[in-house]
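Peer 1: Quick one: the structure is below, and I'll ask about it shortly.
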Amino acid sequence: MKYNIKPYQSLDFNIWNNFVAQAKNATFLFDRNYMNYHQDRFLDASVMIYDAKNNLKALFVANTVETTLFSHQGLTYGGLLINEKTKLPEVIELFNDILFYYKELGYKTLNIKILPSIYTSIPAQEMQYILFLKQAKLYRRDTLSVINLQENFTISKDRWYAYRKGQKNKLVIKNERTFKDFWNEILLPNLHEKHNAKPVHTLEEIEYLAQKFPHNIQQFNVYFEDKIVAGTTLYIDKKVAKTQYISSNAVGKKQNALDFLFVNLLTNYFIENKLLKYLDFGSSNGTYTSNINESLIFWKESFGARTEIQDFYELSII
């Protein structure tokens with residue numbers, strides 16, 4: 001092999017994070033301060049790739065289940081992280097050596113969640129091209145509803161009507177550092193009632209992550225008559241704000257509190273933050289299905305969102 005590949009160890013914590021900070025296709029989710037919150041749930045199989053002069057050239061984010069590699073089950077996306085100086089022929093060589101390394105360890109299959117293009121600092125679709133060359137199977141494609149905040153977008157009359165109704169009823173929006181009220185009074189009861197499910201993060205986990213990433217994780221709540229009725233948890237990385245959670249209770253729905261919240265964010269907070277280019281409303285697909293939630297898509301698109309895709313690939317490495 002041309003490159004020296006070594007498994008990530010805790011001693012590499014700072015070196016890993018320094019590379020993530022300057023990679024062209026990485027977000028704060030790849031920072032070990034973030035990844036480590038669920039390290040007890042996933043068997044880490046990430047590697048660091050060095051050239052002959054011992055320069056760190058790339059990272060590969062992965063966990064393993066038996067003989068299958070995932071990049072990464074605990075993250076929204078994953079794969080090969082590179083810097084802006086790395087050209088396509090070198091990326092191909094890097095990935096070939098990575099596959100050979102994992103093959104020698106006995107792994108048979110690799111599953112990769114592609115990072116959507118809106119999250120990269122410059123064009124970074126080398127991985128899609130390589131997976132095409134290797135005839136990887138595209139087994140899932142999710143639709144993301146995205147608003148380009150730096151271009152003209154149209155918020156529908158219905159959303160504006162709901163916003164003015166919220167103003168009339170004196171709804172109040174607060175950007176808060178506490179997550180307890182939203183989790184316990186809105187998110188948990190709503191997910192349990194609708195889907196008999198729980199959020200990906202526990203209250204303790206989201207509080208820990210927000211402490212580690214105070215600028216990246218923001219909580220906006222809506223209050224009616226001094227009581228919380230709705231809210232959203234935002235993940236903000238460089239130029240993208242993503243709605244990690246959106247939820248409201250019965251009172252919030254009656255008051256159109258989420259409409260009020262997002263019209264306000266889109267016309268104030270996001271516009272004032274000049275670095276933000278996109279709002280990612282996330283996927284409206286069911287888990288592992290091509291079906292879309294049409295009413296949810298309609299709601300997101302009524303704010304001006306349009307479709308970006310996220311691809312999922314499976315590759316045999318036998």
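Residue numbers start at 1 in each chain; chains themselves are named A, B, ... in the order of the structure tokens; ligands are numbered from 1 in the order shown.
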Excluding same-chain residues fewer than 3 positions from A:Leu279, what lies within 7 Å of it counting only C-alpha atoms, as number ranges by chain?
Peer 2: A: 146-149, 240-242
Peer 1: Name all residues at most 10 Å from stretch 112-124 of chain A (count only C-alpha atoms; drop same-chain ones fewer than 4 positions away) and give them as number ranges by chain.
Peer 2: A: 22-27, 61-62, 69-73, 75-84, 87-88, 128, 131, 136, 138, 140-141, 144, 146, 148, 237-241, 277-280, 308-315
Peer 1: Which neighbours of A:Ile217 fall inside 10 Å, counting only C-alpha atoms, when residues of the same chain fewer than 2 positions from it are skipped, and could you give them as a ChimeraX atom specification?
Peer 2: /A:177,206-207,209-215,219,233-237,241-242,244
Peer 1: Compare A:Phe30, A:Phe153, A:Trp16, A:Phe220 by their minimum atom-to-atom distance to A:Asn175, counting only C-alpha atoms, and give me the closest one.
Peer 2: A:Phe220
Peer 1: Could you give me, as a PyMOL selection string, the residues within 9 Å of A:Asp259, counting only C-alpha atoms and dropping anything in the same chain fewer than 3 positions from it?
Peer 2: chain A and resi 158-160+162-163+166+255-256+262-264+303
Peer 1: Using only C-alpha atoms, can you tell me which of A:Lys108, A:Lys6, A:Arg306, A:Lys180 comes closest to A:Glu205?
Peer 2: A:Lys180
Peer 1: Please provide as a PyMOL selection string all residues within 9 Å of A:Phe13, with the sequence filter that same-chain residues fewer than 4 positions apart are discarded (counting only C-alpha atoms).
Peer 2: chain A and resi 8-9+17-18+31-33
